[in-house]
$ cat query_23.pdb   # PDB, C-alpha atoms and all ligand atoms
ATOM      1  CA  MET A   1     143.382 160.080 132.549
ATOM      2  CA  LYS A   2     146.097 160.186 135.256
ATOM      3  CA  MET A   3     145.430 160.731 138.939
ATOM      4  CA  ILE A   4     147.863 161.245 141.773
ATOM      5  CA  ALA A   5     147.068 158.581 144.346
ATOM      6  CA  MET A   6     147.273 159.099 148.103
ATOM      7  CA  ASP A   7     150.534 157.151 148.275
ATOM      8  CA  GLY A   8     152.038 159.473 145.659
ATOM      9  CA  SER A   9     152.076 156.994 142.772
ATOM     10  CA  ASN A  10     150.396 157.633 139.445
ATOM     11  CA  ILE A  11     147.280 155.613 138.715
ATOM     12  CA  SER A  12     145.587 155.472 135.331
ATOM     13  CA  PHE A  13     141.989 154.608 136.104
ATOM     14  CA  PHE A  14     140.876 154.383 132.458
ATOM     15  CA  LYS A  15     142.437 153.015 129.302
ATOM     16  CA  GLU A  16     140.570 153.720 126.058
ATOM     17  CA  GLY A  17     137.402 154.421 128.020
ATOM     18  CA  LEU A  18     137.557 151.165 129.997
ATOM     19  CA  ARG A  19     138.463 150.607 133.641
ATOM     20  CA  LEU A  20     141.536 148.800 134.999
ATOM     21  CA  ASP A  21     139.696 145.445 134.813
ATOM     22  CA  GLY A  22     138.155 146.165 131.400
ATOM     23  CA  ARG A  23     134.694 147.176 132.652
ATOM     24  CA  ARG A  24     132.642 150.091 131.402
ATOM     25  CA  ALA A  25     131.720 152.733 133.986
ATOM     26  CA  ASP A  26     128.199 151.315 134.430
ATOM     27  CA  GLU A  27     129.113 147.633 134.821
ATOM     28  CA  PHE A  28     129.430 145.661 138.036
ATOM     29  CA  ARG A  29     131.941 142.865 138.495
ATOM     30  CA  PRO A  30     131.079 139.224 137.723
ATOM     31  CA  LEU A  31     128.710 137.968 140.419
ATOM     32  CA  LYS A  32     128.413 134.332 141.471
ATOM     33  CA  ILE A  33     125.887 133.216 144.084
ATOM     34  CA  GLU A  34     125.668 129.732 145.563
ATOM     35  CA  VAL A  35     122.859 128.855 147.988
ATOM     36  CA  GLY A  36     122.957 126.361 150.873
ATOM     37  CA  VAL A  37     126.683 125.746 151.139
ATOM     38  CA  LEU A  38     126.895 124.991 154.895
ATOM     39  CA  ALA A  39     125.278 121.839 156.300
ATOM     40  CA  ARG A  40     125.044 123.058 159.903
ATOM     41  CA  ALA A  41     123.551 126.490 159.259
ATOM     42  CA  ASP A  42     119.796 126.994 158.859
ATOM     43  CA  GLY A  43     120.551 129.027 155.749
ATOM     44  CA  SER A  44     123.760 129.910 153.963
ATOM     45  CA  CYS A  45     125.166 131.490 150.854
ATOM     46  CA  TYR A  46     128.527 131.964 149.149
ATOM     47  CA  VAL A  47     129.067 135.060 147.028
ATOM     48  CA  GLU A  48     131.861 136.058 144.695
ATOM     49  CA  MET A  49     131.645 139.656 143.548
ATOM     50  CA  GLY A  50     134.738 140.316 141.462
ATOM     51  CA  GLY A  51     137.677 139.711 143.796
ATOM     52  CA  ASN A  52     135.462 139.497 146.904
ATOM     53  CA  LYS A  53     134.696 136.092 148.359
ATOM     54  CA  VAL A  54     132.246 136.026 151.253
ATOM     55  CA  ILE A  55     130.167 133.427 153.013
ATOM     56  CA  ALA A  56     127.011 134.094 155.037
ATOM     57  CA  ALA A  57     125.502 131.743 157.611
ATOM     58  CA  VAL A  58     122.098 132.239 159.259
ATOM     59  CA  TYR A  59     121.001 130.527 162.481
ATOM     60  CA  GLY A  60     117.553 130.836 163.951
ATOM     61  CA  PRO A  61     115.078 131.956 164.972
ATOM     62  CA  ARG A  62     116.522 130.438 168.158
ATOM     63  CA  GLU A  63     116.715 131.092 171.893
ATOM     64  CA  VAL A  64     118.518 134.308 172.873
ATOM     65  CA  HIS A  65     121.695 134.119 174.920
ATOM     66  CA  PRO A  66     122.362 136.129 177.018
ATOM     67  CA  ARG A  67     118.703 136.151 178.000
ATOM     68  CA  HIS A  68     118.527 139.810 179.008
ATOM     69  CA  LEU A  69     118.786 140.701 175.292
ATOM     70  CA  GLN A  70     115.462 139.083 174.434
ATOM     71  CA  GLU A  71     112.540 141.279 173.351
ATOM     72  CA  ALA A  72     109.000 140.369 174.435
ATOM     73  CA  THR A  73     107.364 141.318 171.133
ATOM     74  CA  ARG A  74     109.881 140.472 168.425
ATOM     75  CA  ALA A  75     112.997 138.599 167.424
ATOM     76  CA  ILE A  76     116.265 140.463 167.638
ATOM     77  CA  VAL A  77     118.625 140.344 164.677
ATOM     78  CA  ARG A  78     122.387 140.053 165.211
ATOM     79  CA  TYR A  79     124.829 140.512 162.367
ATOM     80  CA  ARG A  80     128.536 139.843 162.655
ATOM     81  CA  TYR A  81     130.788 140.992 159.831
ATOM     82  CA  ASN A  82     134.270 139.506 160.100
ATOM     83  CA  MET A  83     137.232 139.855 157.826
ATOM     84  CA  ALA A  84     139.667 136.905 157.839
ATOM     85  CA  SER A  85     143.242 137.965 158.518
ATOM     86  CA  PHE A  86     144.295 136.389 155.189
ATOM     87  CA  SER A  87     141.571 138.190 153.185
ATOM     88  CA  VAL A  88     143.584 141.361 152.533
ATOM     89  CA  GLU A  89     147.047 142.224 151.205
ATOM     90  CA  GLU A  90     148.457 143.269 154.570
ATOM     91  CA  ARG A  91     147.502 140.727 157.246
ATOM     92  CA  LYS A  92     144.508 141.992 159.202
ATOM     93  CA  ARG A  93     144.727 141.664 162.976
ATOM     94  CA  PRO A  94     142.146 138.995 163.919
ATOM     95  CA  GLY A  95     139.069 139.937 165.910
ATOM     96  CA  PRO A  96     136.608 142.798 165.934
ATOM     97  CA  ASP A  97     137.685 146.417 165.379
ATOM     98  CA  ARG A  98     135.953 149.751 164.844
ATOM     99  CA  ARG A  99     135.415 149.063 161.159
ATOM    100  CA  SER A 100     133.829 145.632 161.698
ATOM    101  CA  TYR A 101     131.511 147.033 164.416
ATOM    102  CA  GLU A 102     130.372 149.744 162.003
ATOM    103  CA  LEU A 103     129.864 147.340 159.097
ATOM    104  CA  SER A 104     127.989 144.870 161.307
ATOM    105  CA  LYS A 105     125.680 147.645 162.513
ATOM    106  CA  VAL A 106     124.885 149.170 159.109
ATOM    107  CA  SER A 107     124.462 145.740 157.505
ATOM    108  CA  ARG A 108     122.033 144.642 160.223
ATOM    109  CA  GLU A 109     120.080 147.868 159.760
ATOM    110  CA  ALA A 110     120.011 147.234 156.001
ATOM    111  CA  LEU A 111     118.315 143.850 156.468
ATOM    112  CA  GLU A 112     116.168 144.289 159.577
ATOM    113  CA  PRO A 113     113.360 146.338 157.934
ATOM    114  CA  VAL A 114     112.368 143.430 155.658
ATOM    115  CA  ILE A 115     112.399 140.681 158.295
ATOM    116  CA  PHE A 116     109.070 139.860 160.003
ATOM    117  CA  THR A 117     110.667 139.935 163.456
ATOM    118  CA  SER A 118     107.264 140.136 165.192
ATOM    119  CA  TYR A 119     106.587 136.499 164.187
ATOM    120  CA  TYR A 120     109.243 135.283 166.619
ATOM    121  CA  PRO A 121     109.094 137.047 169.994
ATOM    122  CA  ARG A 122     111.876 136.348 172.525
ATOM    123  CA  SER A 123     114.153 134.824 169.893
ATOM    124  CA  VAL A 124     117.213 135.764 167.865
ATOM    125  CA  ILE A 125     118.163 135.527 164.224
ATOM    126  CA  ASP A 126     121.950 135.366 163.964
ATOM    127  CA  VAL A 127     123.708 136.320 160.742
ATOM    128  CA  PHE A 128     127.443 135.687 160.362
ATOM    129  CA  VAL A 129     129.342 137.086 157.409
ATOM    130  CA  GLU A 130     132.916 135.948 156.871
ATOM    131  CA  VAL A 131     135.041 137.755 154.305
ATOM    132  CA  LEU A 132     137.526 135.256 152.869
ATOM    133  CA  GLN A 133     138.944 137.562 150.200
ATOM    134  CA  ALA A 134     138.482 141.322 150.004
ATOM    135  CA  ASP A 135     138.651 143.607 146.999
ATOM    136  CA  ALA A 136     136.423 146.555 148.024
ATOM    137  CA  GLY A 137     132.678 146.269 148.352
ATOM    138  CA  THR A 138     132.786 143.576 151.024
ATOM    139  CA  ARG A 139     129.900 145.130 152.968
ATOM    140  CA  THR A 140     127.671 145.014 149.865
ATOM    141  CA  ALA A 141     128.804 141.483 148.961
ATOM    142  CA  GLY A 142     128.089 140.474 152.589
ATOM    143  CA  ILE A 143     124.586 141.986 152.556
ATOM    144  CA  ASN A 144     123.794 140.244 149.240
ATOM    145  CA  ALA A 145     124.968 136.923 150.684
ATOM    146  CA  ALA A 146     123.129 137.466 153.994
ATOM    147  CA  SER A 147     119.858 138.305 152.250
ATOM    148  CA  VAL A 148     119.968 135.062 150.239
ATOM    149  CA  ALA A 149     121.033 133.084 153.347
ATOM    150  CA  LEU A 150     118.034 134.487 155.284
ATOM    151  CA  ALA A 151     115.710 133.358 152.491
ATOM    152  CA  ASP A 152     117.453 129.969 152.427
ATOM    153  CA  ALA A 153     116.838 129.674 156.193
ATOM    154  CA  GLY A 154     113.124 130.208 155.528
ATOM    155  CA  ILE A 155     112.981 133.426 157.548
ATOM    156  CA  PRO A 156     109.782 135.281 156.544
ATOM    157  CA  MET A 157     110.770 138.504 154.761
ATOM    158  CA  LYS A 158     108.832 141.242 153.017
ATOM    159  CA  SER A 159     111.371 141.173 150.200
ATOM    160  CA  MET A 160     115.011 140.536 149.373
ATOM    161  CA  ILE A 161     117.719 143.129 149.913
ATOM    162  CA  SER A 162     120.315 143.814 147.229
ATOM    163  CA  ALA A 163     123.384 145.978 147.709
ATOM    164  CA  CYS A 164     125.876 147.672 145.443
ATOM    165  CA  ALA A 165     128.195 150.691 145.543
ATOM    166  CA  ALA A 166     128.826 153.501 143.101
ATOM    167  CA  GLY A 167     131.982 155.598 143.223
ATOM    168  CA  LYS A 168     133.832 158.454 141.613
ATOM    169  CA  VAL A 169     137.223 158.031 139.990
ATOM    170  CA  ALA A 170     139.012 160.496 137.734
ATOM    171  CA  ASP A 171     135.845 162.654 137.858
ATOM    172  CA  THR A 172     133.748 159.791 136.446
ATOM    173  CA  ILE A 173     130.916 158.038 138.275
ATOM    174  CA  VAL A 174     131.441 154.269 138.191
ATOM    175  CA  LEU A 175     129.449 151.278 139.404
ATOM    176  CA  ASP A 176     130.846 148.781 141.923
ATOM    177  CA  PRO A 177     134.367 150.172 142.536
ATOM    178  CA  MET A 178     137.153 147.631 142.933
ATOM    179  CA  LYS A 179     139.999 148.071 145.424
ATOM    180  CA  GLU A 180     142.183 150.535 143.461
ATOM    181  CA  GLU A 181     139.140 152.671 142.640
ATOM    182  CA  ASP A 182     137.865 152.503 146.212
ATOM    183  CA  ASN A 183     141.210 153.231 147.892
ATOM    184  CA  PHE A 184     142.467 155.928 145.519
ATOM    185  CA  GLY A 185     139.207 157.256 144.072
ATOM    186  CA  GLN A 186     137.316 160.437 144.990
ATOM    187  CA  ALA A 187     134.142 158.910 146.456
ATOM    188  CA  ASP A 188     132.503 155.607 147.402
ATOM    189  CA  MET A 189     128.768 155.286 148.008
ATOM    190  CA  PRO A 190     127.368 151.876 148.997
ATOM    191  CA  ILE A 191     123.588 151.402 149.041
ATOM    192  CA  ALA A 192     121.177 148.563 149.811
ATOM    193  CA  MET A 193     117.547 148.416 148.746
ATOM    194  CA  THR A 194     114.437 146.327 148.222
ATOM    195  CA  PRO A 195     113.423 145.435 144.653
ATOM    196  CA  THR A 196     110.699 148.084 144.911
ATOM    197  CA  GLY A 197     113.220 150.826 145.652
ATOM    198  CA  GLN A 198     113.121 151.251 149.441
ATOM    199  CA  ILE A 199     116.651 152.257 150.423
ATOM    200  CA  THR A 200     117.855 150.569 153.623
ATOM    201  CA  LEU A 201     121.539 151.561 153.499
ATOM    202  CA  LEU A 202     123.166 154.716 152.174
ATOM    203  CA  GLN A 203     126.713 155.652 153.095
ATOM    204  CA  MET A 204     129.215 157.943 151.476
ATOM    205  CA  ASP A 205     132.943 158.438 151.699
ATOM    206  CA  GLY A 206     134.437 161.397 149.830
ATOM    207  CA  HIS A 207     132.710 164.169 147.895
ATOM    208  CA  LEU A 208     130.053 164.248 145.189
ATOM    209  CA  THR A 209     128.217 167.222 143.712
ATOM    210  CA  LYS A 210     124.422 167.075 143.645
ATOM    211  CA  ASP A 211     124.442 165.976 139.978
ATOM    212  CA  GLU A 212     127.138 163.386 140.637
ATOM    213  CA  PHE A 213     125.154 162.078 143.619
ATOM    214  CA  GLN A 214     122.093 161.675 141.383
ATOM    215  CA  ARG A 215     124.088 159.827 138.730
ATOM    216  CA  ALA A 216     125.692 157.623 141.411
ATOM    217  CA  MET A 217     122.246 156.799 142.855
ATOM    218  CA  GLU A 218     120.920 155.955 139.374
ATOM    219  CA  LEU A 219     123.837 153.608 138.723
ATOM    220  CA  ALA A 220     123.718 151.965 142.161
ATOM    221  CA  ILE A 221     119.929 151.449 141.959
ATOM    222  CA  LYS A 222     120.272 149.842 138.520
ATOM    223  CA  GLY A 223     123.102 147.684 139.933
ATOM    224  CA  CYS A 224     120.911 146.544 142.861
ATOM    225  CA  ARG A 225     118.031 145.679 140.501
ATOM    226  CA  ASP A 226     120.317 143.497 138.357
ATOM    227  CA  ILE A 227     121.822 141.867 141.462
ATOM    228  CA  TYR A 228     118.310 141.102 142.755
ATOM    229  CA  GLU A 229     117.587 139.109 139.573
ATOM    230  CA  ILE A 230     120.751 137.042 140.129
ATOM    231  CA  GLN A 231     119.840 136.458 143.823
ATOM    232  CA  ARG A 232     116.336 135.352 142.811
ATOM    233  CA  LYS A 233     117.625 132.990 140.119
ATOM    234  CA  SER A 234     120.125 131.404 142.526
ATOM    235  CA  LEU A 235     117.337 130.656 145.023
ATOM    236  CA  ILE A 236     115.001 129.300 142.335
ATOM    237  CA  GLU A 237     117.822 127.123 141.007
ATOM    238  CA  LYS A 238     118.442 125.607 144.440
ATOM    239  CA  TYR A 239     114.764 124.824 145.049
ATOM    240  CA  ASN A 240     114.285 123.440 141.516
ATOM    241  CA  GLN A 241     117.206 121.142 142.192
ATOM    242  CA  LEU A 242     115.718 120.077 145.553
ATOM    243  CA  GLY A 243     112.380 119.544 143.798
ATOM    244  CA  SER A 244     113.907 117.169 141.249
ATOM    245  CA  GLU A 245     115.842 115.310 143.961
ATOM    246  CA  LEU A 246     112.610 114.898 145.921
ATOM    247  CA  ALA A 247     110.803 113.631 142.815
ATOM    248  CA  VAL A 248     113.517 110.974 142.330
ATOM    249  CA  VAL A 249     113.139 109.870 145.978
ATOM    250  CA  GLN A 250     109.330 109.745 145.688
ATOM    251  CA  GLU A 251     109.581 107.744 142.474
ATOM    252  CA  ALA A 252     111.974 105.285 144.157
ATOM    253  CA  GLU A 253     109.541 104.921 147.089
ATOM    254  CA  VAL A 254     106.617 104.146 144.728
ATOM    255  CA  LEU A 255     108.696 101.457 142.980
TER     256      LEU A 255
HETATM  257  N1  LIG B 301     140.874 146.804 153.304
HETATM  258  C1  LIG B 301     142.109 146.284 153.696
HETATM  259  N2  LIG B 301     142.380 146.186 155.049
HETATM  260  C2  LIG B 301     141.483 146.553 156.014
HETATM  261  C3  LIG B 301     140.245 147.079 155.595
HETATM  262  C4  LIG B 301     139.968 147.178 154.250
HETATM  263  O1  LIG B 301     142.934 145.936 152.850
HETATM  264  O2  LIG B 301     141.777 146.432 157.220
HETATM  265  C5  LIG B 301     140.575 146.866 151.855
HETATM  266  C6  LIG B 301     139.687 145.685 151.458
HETATM  267  O3  LIG B 301     140.039 145.253 150.164
HETATM  268  C7  LIG B 301     138.329 146.321 151.457
HETATM  269  C8  LIG B 301     138.644 147.700 150.893
HETATM  270  O4  LIG B 301     139.873 148.052 151.526
HETATM  271  O5  LIG B 301     137.407 145.588 150.679
HETATM  272  C9  LIG B 301     137.603 148.755 151.132
HETATM  273  O6  LIG B 301     137.264 148.778 152.491
HETATM  274  P1  LIG B 301     136.013 149.594 153.030
HETATM  275  O7  LIG B 301     136.260 149.881 154.460
HETATM  276  O8  LIG B 301     135.709 150.721 152.113
HETATM  277  O9  LIG B 301     134.801 148.534 152.986
HETATM  278  P2  LIG B 301     134.191 147.708 151.751
HETATM  279  O10 LIG B 301     134.326 148.535 150.499
HETATM  280  O11 LIG B 301     134.949 146.424 151.677
HETATM  281  O12 LIG B 301     132.763 147.492 152.119
END
$ encode --input "query_23.pdb" --output "C-alpha cells" --more "lines below"
Ligand code: UDP
Amino acid sequence: MKMIAMDGSNISFFKEGLRLDGRRADEFRPLKIEVGVLARADGSCYVEMGGNKVIAAVYGPREVHPRHLQEATRAIVRYRYNMASFSVEERKRPGPDRRSYELSKVSREALEPVIFTSYYPRSVIDVFVEVLQADAGTRTAGINAASVALADAGIPMKSMISACAAGKVADTIVLDPMKEEDNFGQADMPIAMTPTGQITLLQMDGHLTKDEFQRAMELAIKGCRDIYEIQRKSLIEKYNQLGSELAVVQEAEVL
C-alpha cells in the first residue's frame, strides 16, 4: 500500500504483507542486551534495539549535589537522556534541547515508581542514557537499558520496567516502529510497564480510533512482556557468569 509522506515522496510501508525490514506487524526488532559494560558505573547496560544503540549508566545512591535538592525522606532520581550528535542522519546540535528535557522527564517518571527511594533518604540515584545511534524508539530503548542498569547497580526495585512502542502505518497497527514508520506514519505510542501490567509511561503522537488504540495497547503490552524476558535473561546470564568466575577463584584459593 502506498502512502504520501510528509516530504512529498511515496513510501511503500508493506511489501507482500511484510514491513520495510521484513517484519510482520506484530514483531519487534532484534533486541540485544549486555549487562555491566562500564567499569566506573555502579550499574550499566548496552542495548541494541534494531538500529538503536544506547548505553545506560547508573551511579548511586550517592550524595546529592547541589545539596538543596536533597529530600529528607527519600532518594531523588535524576535521568539524563542525551542523543550524540553523530547518532542521527542530520548532525544533532550537541547539548540539551526541548526534546531531551521531555524524554528525560518521562523516562524518569517511568522508572521512579518501582524504585524503593525511601531506603536512601538525602541521596540521589543518577541515570545517564546516551544514544549512540538512533532509529526511532530511542526513549523505549533507553528505558529498557536504564531498568537493567538499575538492577545491575543493585538498586532495590519492586520490579523491572520494560518499554516498547506501537504505531500506525498505512492504516495498520504495528509493533516497535522503525524510523521511516515513526517519521512518516500516522501514529506512534510508546509505553513502559511492569511485568504485572502497571503502566508507567503512555504517550501518543498522531491519531488512533478507540479500536486502534486498544489493538496498539495489546501489541505494546505483549512487546513489553517479551522484552522483560530478554532483560531478565541478560541479568541472569551476567550473574551466572560471575558465579562461575567466583567458583574458579574459590577453587584456586583452596588449592
Ligand atoms: N530524530 C532525528 N533527529 C532528532 C530527533 C529525532 O533524526 O533531532 C529521529 C531519530 O531517529 C529518532 C526518531 O527521529 O529515534 C524518532 O524520534 P522521537 O522524538 O519520536 O523519539 P524516539 O522514537 O526516538 O523515542
$ residues_near_ligand --input "query_23.pdb" --ligand "ligand LIG 301 (chain B)" --cutoff "7 Å" --atoms "only C-alpha atoms and all ligand atoms" --output "list in words"
Val88, Glu89, Glu90, Lys92, Arg99, Ala134, Asp135, Ala136, Gly137, Thr138, Arg139, Thr140, Lys179, Asp182 and Asn183 of chain A
$ resolve_selection --input "query_23.pdb" --expression "the PyMOL selection byres (((chain A and resi 166) around 7) and not hetatm)" --output "list in words"
Cys164, Ala165, Gly167, Ile173, Val174, Leu175, Asp176, Pro177, Asp188, Met189, Pro190, Ala216, Leu219 and Ala220 of chain A
$ write_last_selection --input "query_23.pdb" --atoms "C-alpha atoms" --output "PDB file, keeping the file's coordinate frame"
ATOM      1  CA  CYS A 164     125.876 147.672 145.443  1.00  0.00           C
ATOM      2  CA  ALA A 165     128.195 150.691 145.543  1.00  0.00           C
ATOM      3  CA  GLY A 167     131.982 155.598 143.223  1.00  0.00           C
ATOM      4  CA  ILE A 173     130.916 158.038 138.275  1.00  0.00           C
ATOM      5  CA  VAL A 174     131.441 154.269 138.191  1.00  0.00           C
ATOM      6  CA  LEU A 175     129.449 151.278 139.404  1.00  0.00           C
ATOM      7  CA  ASP A 176     130.846 148.781 141.923  1.00  0.00           C
ATOM      8  CA  PRO A 177     134.367 150.172 142.536  1.00  0.00           C
ATOM      9  CA  ASP A 188     132.503 155.607 147.402  1.00  0.00           C
ATOM     10  CA  MET A 189     128.768 155.286 148.008  1.00  0.00           C
ATOM     11  CA  PRO A 190     127.368 151.876 148.997  1.00  0.00           C
ATOM     12  CA  ALA A 216     125.692 157.623 141.411  1.00  0.00           C
ATOM     13  CA  LEU A 219     123.837 153.608 138.723  1.00  0.00           C
ATOM     14  CA  ALA A 220     123.718 151.965 142.161  1.00  0.00           C
TER      15      ALA A 220
END
$ atom_distance --input "query_23.pdb" --atom1 "CA of Tyr79 in chain A" --atom2 "CA of His207 in chain A"
28.8 Å
$ closest_residue --input "query_23.pdb" --among "A:Asp26, A:Glu102, A:Asp226, A:Asp97" --to "Thr172 in chain A" --atoms "all atoms listed in the file"
A:Asp26
$ atom_distance --input "query_23.pdb" --atom1 "CA of Arg80 in chain A" --atom2 "CA of Phe128 in chain A"
4.9 Å
$ decode --input "query_23.pdb" --residues "range 33-114 of chain A" --atoms "C-alpha atoms" --output "PDB file, in the first residue's frame"
ATOM      1  CA  ILE A  33      21.112  -6.589  25.917  1.00  0.00           C
ATOM      2  CA  GLU A  34      24.537  -6.593  27.543  1.00  0.00           C
ATOM      3  CA  VAL A  35      24.873  -6.024  31.299  1.00  0.00           C
ATOM      4  CA  GLY A  36      27.767  -4.380  33.162  1.00  0.00           C
ATOM      5  CA  VAL A  37      29.639  -2.789  30.282  1.00  0.00           C
ATOM      6  CA  LEU A  38      31.139   0.217  32.135  1.00  0.00           C
ATOM      7  CA  ALA A  39      33.773  -0.329  34.835  1.00  0.00           C
ATOM      8  CA  ARG A  40      33.275   3.017  36.590  1.00  0.00           C
ATOM      9  CA  ALA A  41      29.485   2.987  36.833  1.00  0.00           C
ATOM     10  CA  ASP A  42      27.679   1.234  39.693  1.00  0.00           C
ATOM     11  CA  GLY A  43      25.453  -0.395  37.091  1.00  0.00           C
ATOM     12  CA  SER A  44      25.371  -0.254  33.318  1.00  0.00           C
ATOM     13  CA  CYS A  45      23.781  -1.758  30.259  1.00  0.00           C
ATOM     14  CA  TYR A  46      24.143  -1.621  26.481  1.00  0.00           C
ATOM     15  CA  VAL A  47      21.059  -2.151  24.341  1.00  0.00           C
ATOM     16  CA  GLU A  48      20.624  -2.608  20.619  1.00  0.00           C
ATOM     17  CA  MET A  49      17.013  -2.470  19.502  1.00  0.00           C
ATOM     18  CA  GLY A  50      17.038  -2.706  15.721  1.00  0.00           C
ATOM     19  CA  GLY A  51      19.041   0.301  14.537  1.00  0.00           C
ATOM     20  CA  ASN A  52      19.099   1.917  18.000  1.00  0.00           C
ATOM     21  CA  LYS A  53      22.262   1.688  20.059  1.00  0.00           C
ATOM     22  CA  VAL A  54      22.064   3.074  23.584  1.00  0.00           C
ATOM     23  CA  ILE A  55      24.102   2.817  26.738  1.00  0.00           C
ATOM     24  CA  ALA A  56      22.820   3.416  30.275  1.00  0.00           C
ATOM     25  CA  ALA A  57      24.981   4.168  33.307  1.00  0.00           C
ATOM     26  CA  VAL A  58      23.700   4.287  36.898  1.00  0.00           C
ATOM     27  CA  TYR A  59      25.537   5.973  39.778  1.00  0.00           C
ATOM     28  CA  GLY A  60      24.380   5.862  43.356  1.00  0.00           C
ATOM     29  CA  PRO A  61      22.714   6.052  45.725  1.00  0.00           C
ATOM     30  CA  ARG A  62      25.221   8.842  46.409  1.00  0.00           C
ATOM     31  CA  GLU A  63      25.412  12.292  47.985  1.00  0.00           C
ATOM     32  CA  VAL A  64      23.248  14.950  46.309  1.00  0.00           C
ATOM     33  CA  HIS A  65      24.891  17.952  44.696  1.00  0.00           C
ATOM     34  CA  PRO A  66      23.673  20.673  44.779  1.00  0.00           C
ATOM     35  CA  ARG A  67      22.614  19.965  48.347  1.00  0.00           C
ATOM     36  CA  HIS A  68      19.380  21.959  48.263  1.00  0.00           C
ATOM     37  CA  LEU A  69      17.920  19.230  46.005  1.00  0.00           C
ATOM     38  CA  GLN A  70      18.125  16.566  48.701  1.00  0.00           C
ATOM     39  CA  GLU A  71      14.907  15.151  50.176  1.00  0.00           C
ATOM     40  CA  ALA A  72      14.766  14.271  53.883  1.00  0.00           C
ATOM     41  CA  THR A  73      12.696  11.111  53.417  1.00  0.00           C
ATOM     42  CA  ARG A  74      13.795   9.607  50.113  1.00  0.00           C
ATOM     43  CA  ALA A  75      16.373   9.453  47.365  1.00  0.00           C
ATOM     44  CA  ILE A  76      15.797  11.633  44.345  1.00  0.00           C
ATOM     45  CA  VAL A  77      16.123  10.091  40.900  1.00  0.00           C
ATOM     46  CA  ARG A  78      17.762  12.030  38.059  1.00  0.00           C
ATOM     47  CA  TYR A  79      17.605  10.814  34.487  1.00  0.00           C
ATOM     48  CA  ARG A  80      19.525  12.397  31.645  1.00  0.00           C
ATOM     49  CA  TYR A  81      18.673  11.347  28.103  1.00  0.00           C
ATOM     50  CA  ASN A  82      21.267  12.548  25.606  1.00  0.00           C
ATOM     51  CA  MET A  83      21.498  11.995  21.904  1.00  0.00           C
ATOM     52  CA  ALA A  84      25.037  12.051  20.454  1.00  0.00           C
ATOM     53  CA  SER A  85      25.397  14.484  17.571  1.00  0.00           C
ATOM     54  CA  PHE A  86      26.553  11.596  15.335  1.00  0.00           C
ATOM     55  CA  SER A  87      23.585   9.356  16.262  1.00  0.00           C
ATOM     56  CA  VAL A  88      21.215  10.711  13.603  1.00  0.00           C
ATOM     57  CA  GLU A  89      21.326  11.338   9.848  1.00  0.00           C
ATOM     58  CA  GLU A  90      21.494  15.119  10.135  1.00  0.00           C
ATOM     59  CA  ARG A  91      24.037  16.126  12.790  1.00  0.00           C
ATOM     60  CA  LYS A  92      22.246  16.935  16.035  1.00  0.00           C
ATOM     61  CA  ARG A  93      23.359  20.101  17.806  1.00  0.00           C
ATOM     62  CA  PRO A  94      25.133  18.920  20.989  1.00  0.00           C
ATOM     63  CA  GLY A  95      23.619  19.616  24.386  1.00  0.00           C
ATOM     64  CA  PRO A  96      20.160  19.550  25.894  1.00  0.00           C
ATOM     65  CA  ASP A  97      17.079  20.740  23.980  1.00  0.00           C
ATOM     66  CA  ARG A  98      13.321  20.669  24.498  1.00  0.00           C
ATOM     67  CA  ARG A  99      13.054  17.104  23.246  1.00  0.00           C
ATOM     68  CA  SER A 100      15.787  15.748  25.542  1.00  0.00           C
ATOM     69  CA  TYR A 101      14.247  17.530  28.572  1.00  0.00           C
ATOM     70  CA  GLU A 102      10.895  15.917  27.777  1.00  0.00           C
ATOM     71  CA  LEU A 103      12.371  12.452  27.235  1.00  0.00           C
ATOM     72  CA  SER A 104      14.447  12.702  30.418  1.00  0.00           C
ATOM     73  CA  LYS A 105      11.350  13.670  32.406  1.00  0.00           C
ATOM     74  CA  VAL A 106       9.012  10.971  31.064  1.00  0.00           C
ATOM     75  CA  SER A 107      11.716   8.298  31.309  1.00  0.00           C
ATOM     76  CA  ARG A 108      12.440   9.201  34.936  1.00  0.00           C
ATOM     77  CA  GLU A 109       8.721   9.061  35.698  1.00  0.00           C
ATOM     78  CA  ALA A 110       8.549   5.650  34.003  1.00  0.00           C
ATOM     79  CA  LEU A 111      11.186   4.203  36.347  1.00  0.00           C
ATOM     80  CA  GLU A 112      10.666   6.065  39.622  1.00  0.00           C
ATOM     81  CA  PRO A 113       7.513   4.177  40.751  1.00  0.00           C
ATOM     82  CA  VAL A 114       9.414   0.871  41.033  1.00  0.00           C
TER      83      VAL A 114
END
